[in-house]
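Below is the file target-v8.csv, which contains CSV, C-alpha atoms.
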```csv
chain,number,residue,atom,x,y,z
K,27,MET,CA,-32.9,-38.7,-91.7
K,28,ASP,CA,-30.1,-36.7,-90.1
K,29,ILE,CA,-30.6,-33.8,-87.8
K,30,TYR,CA,-30.2,-31.2,-90.6
K,31,GLU,CA,-32.8,-32.9,-92.7
K,32,SER,CA,-35.1,-33.2,-89.7
K,33,ALA,CA,-34.8,-29.5,-89.0
K,34,ILE,CA,-35.5,-28.5,-92.6
K,35,GLU,CA,-38.5,-30.8,-92.6
K,36,ILE,CA,-40.0,-29.0,-89.6
K,37,LEU,CA,-39.4,-25.6,-91.3
K,38,THR,CA,-40.8,-26.8,-94.6
K,39,ASP,CA,-43.9,-28.7,-93.3
K,40,GLU,CA,-44.9,-26.7,-90.2
K,41,LEU,CA,-43.8,-23.2,-91.1
K,42,PHE,CA,-43.5,-21.3,-94.2
K,43,LEU,CA,-40.4,-22.3,-96.2
K,44,ARG,CA,-42.4,-23.9,-99.0
K,45,ASP,CA,-44.0,-20.6,-99.7
K,46,TRP,CA,-40.8,-18.6,-99.7
K,47,PRO,CA,-38.4,-20.1,-102.4
K,48,GLU,CA,-35.5,-17.6,-101.8
K,49,LEU,CA,-35.5,-18.4,-98.1
K,50,GLN,CA,-35.7,-22.2,-98.8
K,51,SER,CA,-32.7,-21.8,-101.1
K,52,ILE,CA,-30.7,-20.1,-98.4
K,53,PHE,CA,-31.5,-22.9,-95.9
K,54,GLU,CA,-30.7,-25.6,-98.3
K,55,ARG,CA,-27.3,-24.1,-99.2
K,56,ALA,CA,-26.5,-23.5,-95.5
K,57,SER,CA,-27.5,-27.0,-94.5
K,58,LEU,CA,-25.3,-28.5,-97.3
K,59,ASN,CA,-22.3,-27.5,-95.2
K,60,SER,CA,-23.7,-29.4,-92.2
K,61,PRO,CA,-23.1,-26.3,-90.0
K,62,ARG,CA,-21.3,-27.4,-86.8
K,63,ASP,CA,-23.2,-24.8,-84.7
K,64,TRP,CA,-26.6,-26.2,-85.6
K,65,ARG,CA,-25.6,-29.4,-83.8
K,66,LEU,CA,-24.9,-27.6,-80.5
K,67,PRO,CA,-28.4,-28.2,-79.0
K,68,VAL,CA,-28.0,-32.0,-79.7
K,69,VAL,CA,-24.7,-32.0,-77.8
K,70,SER,CA,-26.2,-30.4,-74.7
K,71,CYS,CA,-29.4,-32.3,-75.0
K,72,GLU,CA,-27.5,-35.6,-74.9
K,73,ALA,CA,-25.2,-34.3,-72.2
K,74,VAL,CA,-28.2,-34.0,-69.8
K,75,GLY,CA,-29.6,-37.4,-70.7
K,76,GLY,CA,-32.0,-36.4,-73.4
K,77,MET,CA,-32.5,-38.1,-76.8
K,78,HIS,CA,-31.3,-36.3,-79.9
K,79,GLU,CA,-34.9,-36.3,-81.2
K,80,GLN,CA,-35.8,-33.9,-78.3
K,81,ALA,CA,-33.3,-31.4,-79.7
K,82,VAL,CA,-34.7,-31.2,-83.3
K,83,ALA,CA,-36.8,-28.2,-82.6
K,84,ALA,CA,-33.9,-26.4,-80.9
K,85,VAL,CA,-31.7,-27.2,-84.0
K,86,ALA,CA,-34.3,-25.8,-86.4
K,87,SER,CA,-34.7,-22.7,-84.1
K,88,ILE,CA,-30.9,-22.1,-83.9
K,89,ALA,CA,-30.6,-22.5,-87.7
K,90,CYS,CA,-33.3,-19.8,-88.2
K,91,LEU,CA,-31.7,-17.5,-85.7
K,92,GLN,CA,-28.1,-17.9,-87.0
K,93,ILE,CA,-29.2,-17.3,-90.5
K,94,ALA,CA,-31.1,-14.2,-89.4
K,95,ILE,CA,-28.0,-12.9,-87.5
K,96,ILE,CA,-25.7,-13.5,-90.5
K,97,LEU,CA,-28.1,-11.9,-93.0
K,98,ILE,CA,-28.1,-8.7,-90.9
K,99,ASP,CA,-24.4,-8.9,-90.0
K,100,ASP,CA,-23.5,-9.0,-93.7
K,101,MET,CA,-25.5,-5.8,-94.3
K,102,LEU,CA,-24.0,-4.0,-91.4
K,103,ASP,CA,-20.5,-5.1,-92.4
K,104,VAL,CA,-21.1,-4.3,-96.1
K,105,ASP,CA,-19.8,-7.8,-96.7
K,106,PRO,CA,-19.5,-8.4,-100.4
K,107,ARG,CA,-20.5,-12.1,-99.9
K,108,GLY,CA,-23.9,-11.2,-98.3
K,109,GLU,CA,-27.2,-12.3,-99.6
K,110,TYR,CA,-28.3,-8.6,-99.7
K,111,GLN,CA,-26.0,-8.2,-102.7
K,112,ARG,CA,-28.1,-10.7,-104.6
K,113,LEU,CA,-31.6,-10.1,-103.3
K,114,GLY,CA,-31.5,-6.5,-102.0
K,115,MET,CA,-31.4,-5.0,-98.5
K,116,ALA,CA,-35.1,-4.6,-98.0
K,117,PRO,CA,-36.1,-8.2,-98.9
K,118,VAL,CA,-33.2,-9.6,-96.8
K,119,ALA,CA,-34.2,-7.5,-93.8
K,120,ASN,CA,-37.7,-8.9,-94.2
K,121,MET,CA,-36.3,-12.4,-94.3
K,122,ALA,CA,-34.3,-11.8,-91.2
K,123,SER,CA,-37.3,-10.6,-89.3
K,124,ALA,CA,-39.4,-13.6,-90.4
K,125,LEU,CA,-36.6,-16.0,-89.4
K,126,GLN,CA,-36.3,-14.5,-85.9
K,127,ALA,CA,-40.1,-15.0,-85.4
K,128,ALA,CA,-39.8,-18.5,-86.9
K,129,GLY,CA,-37.0,-19.4,-84.5
K,130,MET,CA,-39.3,-18.7,-81.6
K,131,GLU,CA,-42.4,-20.3,-83.1
K,132,ILE,CA,-40.6,-23.6,-83.6
K,133,VAL,CA,-39.7,-23.9,-79.9
K,134,ALA,CA,-43.2,-22.9,-78.9
K,135,GLN,CA,-44.7,-25.6,-81.1
K,136,SER,CA,-42.3,-28.3,-79.9
K,137,GLY,CA,-43.5,-31.1,-77.7
K,138,ALA,CA,-41.3,-30.1,-74.7
K,139,ALA,CA,-42.8,-29.2,-71.3
K,140,TRP,CA,-44.2,-25.7,-71.1
K,141,ASN,CA,-41.8,-24.6,-68.4
K,142,ALA,CA,-38.9,-25.8,-70.4
K,143,LYS,CA,-40.2,-24.0,-73.5
K,144,LEU,CA,-40.8,-20.8,-71.6
K,145,LEU,CA,-37.2,-20.8,-70.3
K,146,ALA,CA,-35.9,-21.7,-73.8
K,147,LEU,CA,-37.8,-18.9,-75.4
K,148,GLN,CA,-36.6,-16.4,-72.8
K,149,SER,CA,-33.0,-17.6,-73.5
K,150,LEU,CA,-33.4,-17.2,-77.3
K,151,ASN,CA,-35.0,-13.8,-77.0
K,152,ARG,CA,-32.3,-12.5,-74.6
K,153,MET,CA,-29.7,-13.8,-77.0
K,154,MET,CA,-31.2,-12.0,-80.0
K,155,LEU,CA,-31.5,-8.8,-78.1
K,156,LYS,CA,-27.8,-9.0,-76.9
K,157,THR,CA,-26.6,-9.9,-80.4
K,158,ALA,CA,-28.4,-6.9,-81.9
K,159,LEU,CA,-26.8,-4.7,-79.3
K,160,GLY,CA,-23.4,-6.3,-80.0
K,161,GLN,CA,-23.8,-5.7,-83.8
K,162,TYR,CA,-24.6,-2.1,-83.1
K,163,MET,CA,-21.6,-1.7,-80.9
K,164,ASP,CA,-19.4,-3.5,-83.4
K,165,ILE,CA,-20.1,-1.1,-86.2
K,166,GLN,CA,-18.8,1.7,-84.0
K,167,ASN,CA,-15.4,0.0,-84.5
K,168,PRO,CA,-14.3,-0.6,-80.8
K,169,GLU,CA,-10.9,1.0,-80.4
K,170,ASP,CA,-9.6,-0.6,-77.2
K,171,GLU,CA,-9.4,-4.1,-75.6
K,172,ALA,CA,-12.2,-3.5,-73.1
K,173,ALA,CA,-14.6,-2.5,-75.9
K,174,TYR,CA,-13.4,-5.5,-78.0
K,175,TRP,CA,-14.3,-8.0,-75.3
K,176,GLU,CA,-17.6,-6.2,-74.7
K,177,VAL,CA,-18.5,-6.7,-78.4
K,178,VAL,CA,-17.4,-10.4,-78.2
K,179,ARG,CA,-19.6,-10.9,-75.2
K,180,THR,CA,-22.6,-9.3,-76.7
K,181,LYS,CA,-22.3,-10.0,-80.4
K,182,SER,CA,-20.7,-13.4,-80.6
K,183,SER,CA,-20.7,-15.6,-77.6
K,184,PRO,CA,-24.5,-15.3,-76.5
K,185,PHE,CA,-25.5,-17.3,-79.6
K,186,PHE,CA,-23.4,-20.3,-78.6
K,187,GLY,CA,-24.5,-20.0,-75.0
K,188,ALA,CA,-28.2,-20.0,-76.0
K,189,ALA,CA,-27.7,-22.9,-78.5
K,190,LEU,CA,-26.4,-25.1,-75.7
K,191,ASN,CA,-28.8,-23.8,-73.1
K,192,VAL,CA,-31.9,-24.5,-75.2
K,193,GLY,CA,-30.7,-28.0,-76.2
K,194,ALA,CA,-30.2,-28.8,-72.5
K,195,LEU,CA,-33.6,-27.4,-71.5
K,196,LEU,CA,-35.5,-29.3,-74.2
K,197,GLY,CA,-33.5,-32.4,-73.1
K,198,GLY,CA,-35.0,-32.0,-69.6
K,199,ALA,CA,-32.2,-30.3,-67.7
K,200,ALA,CA,-32.9,-28.4,-64.5
K,201,PRO,CA,-32.6,-24.7,-65.1
K,202,ASP,CA,-29.4,-24.3,-63.0
K,203,ILE,CA,-27.7,-27.0,-65.0
K,204,ALA,CA,-28.8,-25.5,-68.3
K,205,ALA,CA,-27.6,-22.1,-67.1
K,206,ARG,CA,-24.1,-23.6,-66.3
K,207,ILE,CA,-24.0,-25.2,-69.8
K,208,GLU,CA,-24.9,-21.7,-71.2
K,209,ARG,CA,-21.9,-20.2,-69.4
K,210,PHE,CA,-19.7,-22.9,-70.9
K,211,GLY,CA,-21.3,-22.1,-74.3
K,212,CYS,CA,-20.4,-18.4,-74.0
K,213,LEU,CA,-16.7,-19.3,-73.3
K,214,TYR,CA,-16.8,-21.7,-76.3
K,215,GLY,CA,-18.2,-18.8,-78.4
K,216,GLU,CA,-15.4,-16.5,-77.3
K,217,MET,CA,-13.0,-19.2,-78.5
K,218,ILE,CA,-14.8,-19.4,-81.9
K,219,GLN,CA,-14.5,-15.6,-82.2
K,220,ILE,CA,-10.7,-15.7,-81.6
K,221,HIS,CA,-10.4,-18.4,-84.3
K,222,ASP,CA,-12.4,-16.2,-86.6
K,223,ASP,CA,-10.2,-13.2,-85.9
K,224,LEU,CA,-7.0,-15.3,-86.5
K,225,ASN,CA,-8.4,-16.7,-89.7
K,226,ASP,CA,-9.5,-13.3,-90.9
K,227,THR,CA,-6.2,-11.5,-90.2
K,228,MET,CA,-4.0,-14.1,-91.7
K,229,ALA,CA,-6.2,-14.6,-94.8
K,230,VAL,CA,-4.9,-13.9,-98.3
K,231,PRO,CA,-6.0,-11.7,-100.1
K,232,ALA,CA,-6.7,-9.1,-97.4
K,233,ASN,CA,-9.9,-9.8,-95.5
K,234,PRO,CA,-12.3,-6.8,-95.5
K,235,ASP,CA,-11.5,-6.3,-91.8
K,236,TRP,CA,-8.1,-4.9,-92.8
K,237,THR,CA,-9.5,-2.4,-95.3
K,238,LEU,CA,-12.7,-1.4,-93.5
K,239,ASP,CA,-10.8,-0.3,-90.4
K,240,ARG,CA,-12.1,-3.1,-88.3
K,241,SER,CA,-10.0,-4.4,-85.4
K,242,PRO,CA,-10.0,-8.2,-84.9
K,243,LEU,CA,-7.9,-9.1,-81.9
K,244,PRO,CA,-4.4,-9.5,-83.5
K,245,ILE,CA,-4.8,-6.2,-85.4
K,246,LEU,CA,-6.1,-4.4,-82.3
K,247,TYR,CA,-3.0,-5.7,-80.4
K,248,ALA,CA,-0.6,-4.5,-83.1
K,249,GLN,CA,-2.2,-1.1,-83.1
K,250,THR,CA,-2.3,-0.8,-79.3
K,251,VAL,CA,1.0,-2.1,-78.0
K,252,GLN,CA,4.1,0.0,-78.1
K,253,TYR,CA,6.9,-1.7,-80.1
K,254,ALA,CA,9.5,-0.8,-82.7
K,255,ASP,CA,7.5,-1.6,-85.8
K,256,ARG,CA,4.1,-0.1,-84.7
K,257,GLU,CA,4.3,2.9,-87.0
K,258,LYS,CA,5.4,0.7,-89.9
K,259,PHE,CA,2.4,-1.5,-89.2
K,260,LEU,CA,0.0,1.4,-89.3
K,261,GLU,CA,1.6,2.6,-92.6
K,262,LEU,CA,1.3,-0.9,-94.2
K,263,ARG,CA,-2.3,-1.1,-93.2
K,264,ARG,CA,-3.0,2.1,-95.1
K,265,ALA,CA,-1.4,0.6,-98.1
K,266,LEU,CA,-3.8,-2.4,-98.2
K,267,PRO,CA,-5.1,-4.3,-100.1
K,268,ASP,CA,-1.6,-4.3,-101.8
K,269,PRO,CA,-0.5,-8.0,-101.5
K,270,GLU,CA,3.1,-7.1,-100.5
K,271,ALA,CA,1.9,-4.7,-97.8
K,272,LEU,CA,-0.4,-7.5,-96.5
K,273,LYS,CA,2.5,-9.9,-96.3
K,274,GLU,CA,4.7,-7.5,-94.4
K,275,ALA,CA,1.8,-6.6,-92.0
K,276,GLN,CA,1.1,-10.2,-91.3
K,277,ILE,CA,4.8,-10.9,-90.5
K,278,ILE,CA,4.7,-8.0,-88.1
K,279,LEU,CA,1.6,-9.5,-86.4
K,280,ILE,CA,3.7,-12.7,-85.8
K,281,ARG,CA,6.8,-10.9,-84.7
K,282,CYS,CA,5.2,-8.4,-82.3
K,283,GLY,CA,3.3,-11.1,-80.4
K,284,ALA,CA,-0.1,-10.3,-81.7
K,285,ILE,CA,-0.7,-13.9,-82.8
K,286,SER,CA,0.8,-15.2,-79.6
K,287,TYR,CA,-1.6,-13.0,-77.7
K,288,ALA,CA,-4.6,-14.3,-79.5
K,289,VAL,CA,-3.4,-17.9,-78.9
K,290,HIS,CA,-2.8,-17.0,-75.2
K,291,GLN,CA,-6.4,-15.8,-74.9
K,292,LEU,CA,-7.7,-18.9,-76.6
K,293,ILE,CA,-5.8,-21.1,-74.1
K,294,LEU,CA,-7.1,-19.1,-71.2
K,295,LYS,CA,-10.7,-19.5,-72.4
K,296,HIS,CA,-10.1,-23.2,-72.9
K,297,LYS,CA,-8.8,-23.6,-69.4
K,298,LEU,CA,-11.8,-21.7,-67.9
K,299,ALA,CA,-14.2,-23.8,-69.9
K,300,ARG,CA,-12.6,-27.1,-68.8
K,301,GLU,CA,-12.7,-26.0,-65.2
K,302,LEU,CA,-16.4,-25.1,-65.5
K,303,LEU,CA,-17.1,-28.6,-67.0
K,304,LYS,CA,-15.3,-30.3,-64.2
K,305,LYS,CA,-17.5,-28.5,-61.7
K,306,THR,CA,-20.7,-29.5,-63.5
K,307,SER,CA,-21.6,-32.9,-62.0
K,308,SER,CA,-24.5,-35.1,-63.0
K,309,ILE,CA,-24.1,-34.6,-66.7
K,310,ASP,CA,-22.2,-36.5,-69.3
K,311,ILE,CA,-19.5,-34.0,-70.4
K,312,THR,CA,-18.1,-36.2,-73.3
K,313,GLY,CA,-19.7,-34.2,-76.1
K,314,LEU,CA,-19.0,-30.9,-74.6
K,315,GLU,CA,-15.3,-31.8,-74.1
K,316,LYS,CA,-15.2,-32.8,-77.7
K,317,LEU,CA,-16.3,-29.3,-78.7
K,318,LEU,CA,-13.4,-27.9,-76.7
K,319,ASP,CA,-11.0,-30.4,-78.2
K,320,ASP,CA,-12.0,-29.3,-81.7
K,321,VAL,CA,-11.3,-25.7,-81.1
K,322,ILE,CA,-7.9,-26.2,-79.4
K,323,GLN,CA,-6.7,-28.8,-81.8
K,324,PRO,CA,-5.4,-26.4,-84.4
K,325,VAL,CA,-3.3,-24.6,-81.7
K,326,MET,CA,-1.8,-27.9,-80.5
K,327,LYS,CA,-1.1,-28.9,-84.0
K,328,MET,CA,0.7,-25.6,-84.5
K,329,PHE,CA,2.8,-26.0,-81.4
K,330,ALA,CA,3.8,-29.5,-82.4
K,331,ALA,CA,4.7,-28.3,-85.9
K,332,ILE,CA,7.0,-25.6,-84.7
K,333,GLY,CA,8.9,-27.9,-82.4
K,334,ILE,CA,7.4,-27.5,-79.0
K,335,ALA,CA,8.5,-30.7,-77.4
K,336,HIS,CA,5.5,-31.1,-75.0
K,337,PRO,CA,2.6,-29.1,-76.5
K,338,GLU,CA,0.3,-30.2,-73.7
K,339,ILE,CA,2.3,-27.9,-71.4
K,340,MET,CA,0.8,-25.0,-73.3
K,341,LEU,CA,-2.7,-25.9,-72.1
K,342,GLU,CA,-1.6,-25.2,-68.5
K,343,PRO,CA,-0.9,-21.4,-68.5
K,344,PRO,CA,0.8,-20.2,-65.3
K,345,ILE,CA,-1.2,-17.9,-63.1
K,346,VAL,CA,0.2,-14.7,-64.5
K,347,HIS,CA,-1.7,-11.4,-64.4
K,348,PHE,CA,-0.9,-9.6,-67.6
D,18,MET,CA,-5.3,-2.0,-73.3
D,19,HIS,CA,-3.0,-2.6,-70.3
D,20,THR,CA,-3.5,-6.3,-70.6
D,21,MET,CA,-2.0,-6.3,-74.1
D,22,GLN,CA,0.9,-4.1,-73.2
D,23,ALA,CA,1.6,-6.2,-70.0
D,24,PHE,CA,1.5,-9.3,-72.1
D,25,TYR,CA,4.0,-7.8,-74.6
D,26,ASP,CA,6.3,-6.7,-71.8
D,27,LYS,CA,6.3,-10.2,-70.3
D,28,LEU,CA,6.7,-12.0,-73.6
D,29,PHE,CA,9.8,-10.1,-74.6
D,30,SER,CA,11.4,-9.9,-71.2
D,31,PRO,CA,14.6,-11.9,-70.5
D,32,LYS,CA,12.6,-13.9,-67.8
D,33,ALA,CA,10.3,-15.3,-70.5
D,34,SER,CA,12.8,-18.1,-71.1
D,35,GLN,CA,12.3,-19.3,-67.6
D,36,SER,CA,8.7,-20.3,-68.3
D,37,ALA,CA,7.9,-23.2,-70.6
D,38,TYR,CA,4.6,-21.6,-71.4
D,39,LEU,CA,5.9,-18.2,-72.3
D,40,SER,CA,8.8,-19.8,-74.2
D,41,GLY,CA,6.2,-21.6,-76.4
D,42,LEU,CA,4.5,-18.2,-77.1
D,43,VAL,CA,7.9,-16.6,-77.9
D,44,ARG,CA,8.6,-19.4,-80.3
D,45,LEU,CA,5.3,-18.5,-82.0
D,46,THR,CA,6.7,-15.0,-82.7
D,47,GLN,CA,9.6,-16.5,-84.7
D,48,VAL,CA,7.7,-18.6,-87.2
D,49,SER,CA,7.3,-17.9,-90.9
D,50,LEU,CA,4.0,-17.1,-92.7
D,51,ARG,CA,4.0,-20.6,-94.1
D,52,GLU,CA,4.4,-22.2,-90.7
D,53,ILE,CA,1.6,-20.0,-89.2
D,54,GLY,CA,-0.7,-21.5,-91.8
D,55,ALA,CA,-1.0,-24.5,-89.5
D,56,LEU,CA,-3.2,-22.4,-87.3
D,57,LYS,CA,-5.7,-21.9,-90.1
D,58,SER,CA,-8.9,-23.7,-89.4
D,59,SER,CA,-12.5,-23.9,-90.6
D,60,ILE,CA,-13.6,-22.8,-87.1
D,61,THR,CA,-15.8,-19.8,-87.5
D,62,TRP,CA,-19.2,-18.8,-86.6
D,63,ASP,CA,-20.1,-18.0,-90.2
D,64,PHE,CA,-21.7,-21.2,-91.5
D,65,TRP,CA,-21.0,-20.2,-95.1
D,66,ASN,CA,-17.4,-21.0,-94.3
D,67,ALA,CA,-17.8,-23.6,-91.7
D,68,GLY,CA,-18.0,-26.8,-93.8
D,69,ASN,CA,-15.2,-26.0,-96.2
D,70,THR,CA,-17.4,-26.8,-99.1
D,71,VAL,CA,-18.3,-23.2,-99.7
D,72,SER,CA,-15.2,-21.7,-98.3
D,73,ASP,CA,-14.1,-18.8,-100.5
D,74,SER,CA,-15.9,-15.6,-101.1
D,75,SER,CA,-16.3,-16.0,-104.8
D,76,THR,CA,-18.1,-19.3,-104.3
D,77,ARG,CA,-20.3,-17.8,-101.7
D,78,ALA,CA,-21.2,-14.8,-103.7
D,79,SER,CA,-22.1,-16.8,-106.7
D,80,SER,CA,-24.0,-19.6,-105.0
D,81,SER,CA,-27.7,-19.5,-105.2
```
Kindly transcribe the structure held in the file into structure tokens.
Amino acid sequence: MDIYESAIEILTDELFLRDWPELQSIFERASLNSPRDWRLPVVSCEAVGGMHEQAVAAVASIACLQIAIILIDDMLDVDPRGEYQRLGMAPVANMASALQAAGMEIVAQSGAAWNAKLLALQSLNRMMLKTALGQYMDIQNPEDEAAYWEVVRTKSSPFFGAALNVGALLGGAAPDIAARIERFGCLYGEMIQIHDDLNDTMAVPANPDWTLDRSPLPILYAQTVQYADREKFLELRRALPDPEALKEAQIILIRCGAISYAVHQLILKHKLARELLKKTSSIDITGLEKLLDDVIQPVMKMFAAIGIAHPEIMLEPPIVHF
Amino acid sequence: MHTMQAFYDKLFSPKASQSAYLSGLVRLTQVSLREIGALKSSITWDFWNAGNTVSDSSTRASSS
């Protein structure tokens, strides 16, 4: 039985999924994709010397909480793909509320030591509170870079920090080590958000971010920086979702350095995360390094494809204060 | 806000060519839409898209 099946089994047998067919269906569909994020507690658990079985409760918990966050996020974003479109807002809000409680209950019921469980529950609760605040801030459409990073650090990265933190705690890590792994997870989460932003802005047809006046990092850059085509970019954005306007706007994103800026931020976070790992002695960092490799690999592939002779140089940004 | 503008100023300054790092980022401003496709990844925090098996919105909306 793999980690996803084990997590579903806990939810089905010990909690309530069997009695809630719509929710069970959501879980089954989500787990079919083998979500990478649900494995995070296993990676940190093994990094601190734990067995992956010790992380199963954390996996089930993180699965519940991630689904809860996304159900709510889709409603806030008026995302046409959201479950609320199919089931209605009130039932989906009810599900999200149940999932949040279930995520905590699973950890409370696990066989881990009580002090570890208490710290894990505190971490998960803190993460859900931060995320809710971040979701609230996000729908105000942050208009400058400081506000953008504030939203990333409240809405997006705490989930990844908590997922790794809880896995480490249930694997028997000392609180200071688990806290360090959480900081690593937050940087990792920031990198995931930048990837998300790059994918969303370069997607065809136009992602709702373009038309709903949202500002993922590249679009925020193109609207903020002073350059020759800025007015044209703003005009093209108003013409969306016209496919030709999208194409022109995306070319401007490339030419004005908006994509380069997002990649630069990705590289900076990657460097910080690597340095943090190097300073974390007494754990096996192999799995955590693999997480970083996976998120930087598309960038390295890109640099190689466009003829950068030594792409590895790009992972060593000079100390420049922009 | 200032960080972005400062980055832009450095990226498009004549001195950018003296830095291998900045030169790499400048090269990235010259690529085509097709080439930039190499950056596309399945890396996202939305699990509906994460595994590439339910990767487009129409599939996601209709799956049940």
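Between atom CA of K:Pro231 and atom CA of K:Glu270 the separation is 10.2 Å.
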Which polymer residues have any atom within 9 Å of an atom of stretch 37-43 of chain K, counting all atoms listed in the file, with same-chain residues fewer than 5 positions away left out, as an NGL selection string? :K and (32 or 48-50 or 53 or 86 or 90 or 128 or 131-132)
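Among the candidates K:Ser149, K:Ser308, K:Gln276, K:Ser87, the one nearest to chain D when counting all atoms listed in the file is K:Gln276.
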Counting all atoms listed in the file, a student should be able to say which residues of chain K come within 8 Å of chain D; what is the right answer, written as a VMD selection string? chain K and resid 51 to 52 55 to 56 59 to 63 96 106 to 109 170 to 172 218 to 219 221 to 222 224 to 225 247 250 to 252 276 to 277 280 to 283 285 to 287 290 321 324 to 325 327 to 329 331 to 332 334 339 to 340 342 to 344 348
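Closest approach to K:Asp100 among K:Leu260, K:Pro234, K:Leu246, K:Tyr174: K:Pro234, based on all atoms listed in the file.
For the pair atom CA of K:Gln323 and atom CA of K:Ile95, the separation is 27.2 Å.
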Expressed in Å, the length from atom CA of K:Gln80 to atom CA of K:Val133 is 10.9 Å
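Nearest to K:Glu176 of all the residues K:Lys156, K:Lys297, K:Lys143, K:His336 is K:Lys156, based on all atoms listed in the file.
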What lies within 9 Å of stretch 67-73 of chain K using only C-alpha atoms, ignoring chain neighbours under 3 positions off, as a ChimeraX atom specification? /K:29,63-64,76-82,84-85,88,188-199,204,207,309-314,317
Any chance you could build stretch 310-322 of chain K out to N, CA and C atoms and write it as a PDB file, keeping the file's coordinate frame?
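result_8.pdb, written as the output of this step:
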```pdb
ATOM      1  N   ASP K 310     -23.205 -35.838 -68.584  1.00  0.00           N
ATOM      2  CA  ASP K 310     -22.200 -36.500 -69.300  1.00  0.00           C
ATOM      3  C   ASP K 310     -21.432 -35.468 -70.184  1.00  0.00           C
ATOM      4  N   ILE K 311     -20.199 -35.165 -69.800  1.00  0.00           N
ATOM      5  CA  ILE K 311     -19.500 -34.000 -70.400  1.00  0.00           C
ATOM      6  C   ILE K 311     -18.750 -34.433 -71.714  1.00  0.00           C
ATOM      7  N   THR K 312     -18.869 -35.688 -72.129  1.00  0.00           N
ATOM      8  CA  THR K 312     -18.100 -36.200 -73.300  1.00  0.00           C
ATOM      9  C   THR K 312     -18.233 -35.280 -74.522  1.00  0.00           C
ATOM     10  N   GLY K 313     -19.467 -35.018 -74.900  1.00  0.00           N
ATOM     11  CA  GLY K 313     -19.700 -34.200 -76.100  1.00  0.00           C
ATOM     12  C   GLY K 313     -19.239 -32.800 -75.973  1.00  0.00           C
ATOM     13  N   LEU K 314     -19.411 -32.248 -74.784  1.00  0.00           N
ATOM     14  CA  LEU K 314     -19.000 -30.900 -74.600  1.00  0.00           C
ATOM     15  C   LEU K 314     -17.456 -30.763 -74.577  1.00  0.00           C
ATOM     16  N   GLU K 315     -16.796 -31.776 -74.010  1.00  0.00           N
ATOM     17  CA  GLU K 315     -15.300 -31.800 -74.100  1.00  0.00           C
ATOM     18  C   GLU K 315     -14.842 -31.908 -75.514  1.00  0.00           C
ATOM     19  N   LYS K 316     -15.583 -32.631 -76.315  1.00  0.00           N
ATOM     20  CA  LYS K 316     -15.200 -32.800 -77.700  1.00  0.00           C
ATOM     21  C   LYS K 316     -15.267 -31.425 -78.448  1.00  0.00           C
ATOM     22  N   LEU K 317     -16.250 -30.608 -78.066  1.00  0.00           N
ATOM     23  CA  LEU K 317     -16.300 -29.300 -78.700  1.00  0.00           C
ATOM     24  C   LEU K 317     -15.045 -28.493 -78.373  1.00  0.00           C
ATOM     25  N   LEU K 318     -14.594 -28.584 -77.105  1.00  0.00           N
ATOM     26  CA  LEU K 318     -13.400 -27.900 -76.700  1.00  0.00           C
ATOM     27  C   LEU K 318     -12.155 -28.435 -77.448  1.00  0.00           C
ATOM     28  N   ASP K 319     -12.100 -29.759 -77.549  1.00  0.00           N
ATOM     29  CA  ASP K 319     -11.000 -30.400 -78.200  1.00  0.00           C
ATOM     30  C   ASP K 319     -10.871 -29.868 -79.678  1.00  0.00           C
ATOM     31  N   ASP K 320     -12.023 -29.762 -80.328  1.00  0.00           N
ATOM     32  CA  ASP K 320     -12.000 -29.300 -81.700  1.00  0.00           C
ATOM     33  C   ASP K 320     -11.472 -27.920 -81.903  1.00  0.00           C
ATOM     34  N   VAL K 321     -11.751 -27.036 -80.929  1.00  0.00           N
ATOM     35  CA  VAL K 321     -11.300 -25.700 -81.100  1.00  0.00           C
ATOM     36  C   VAL K 321      -9.824 -25.479 -80.665  1.00  0.00           C
ATOM     37  N   ILE K 322      -9.333 -26.344 -79.821  1.00  0.00           N
ATOM     38  CA  ILE K 322      -7.900 -26.200 -79.400  1.00  0.00           C
ATOM     39  C   ILE K 322      -6.978 -26.999 -80.239  1.00  0.00           C
TER      40      ILE K 322
END
```
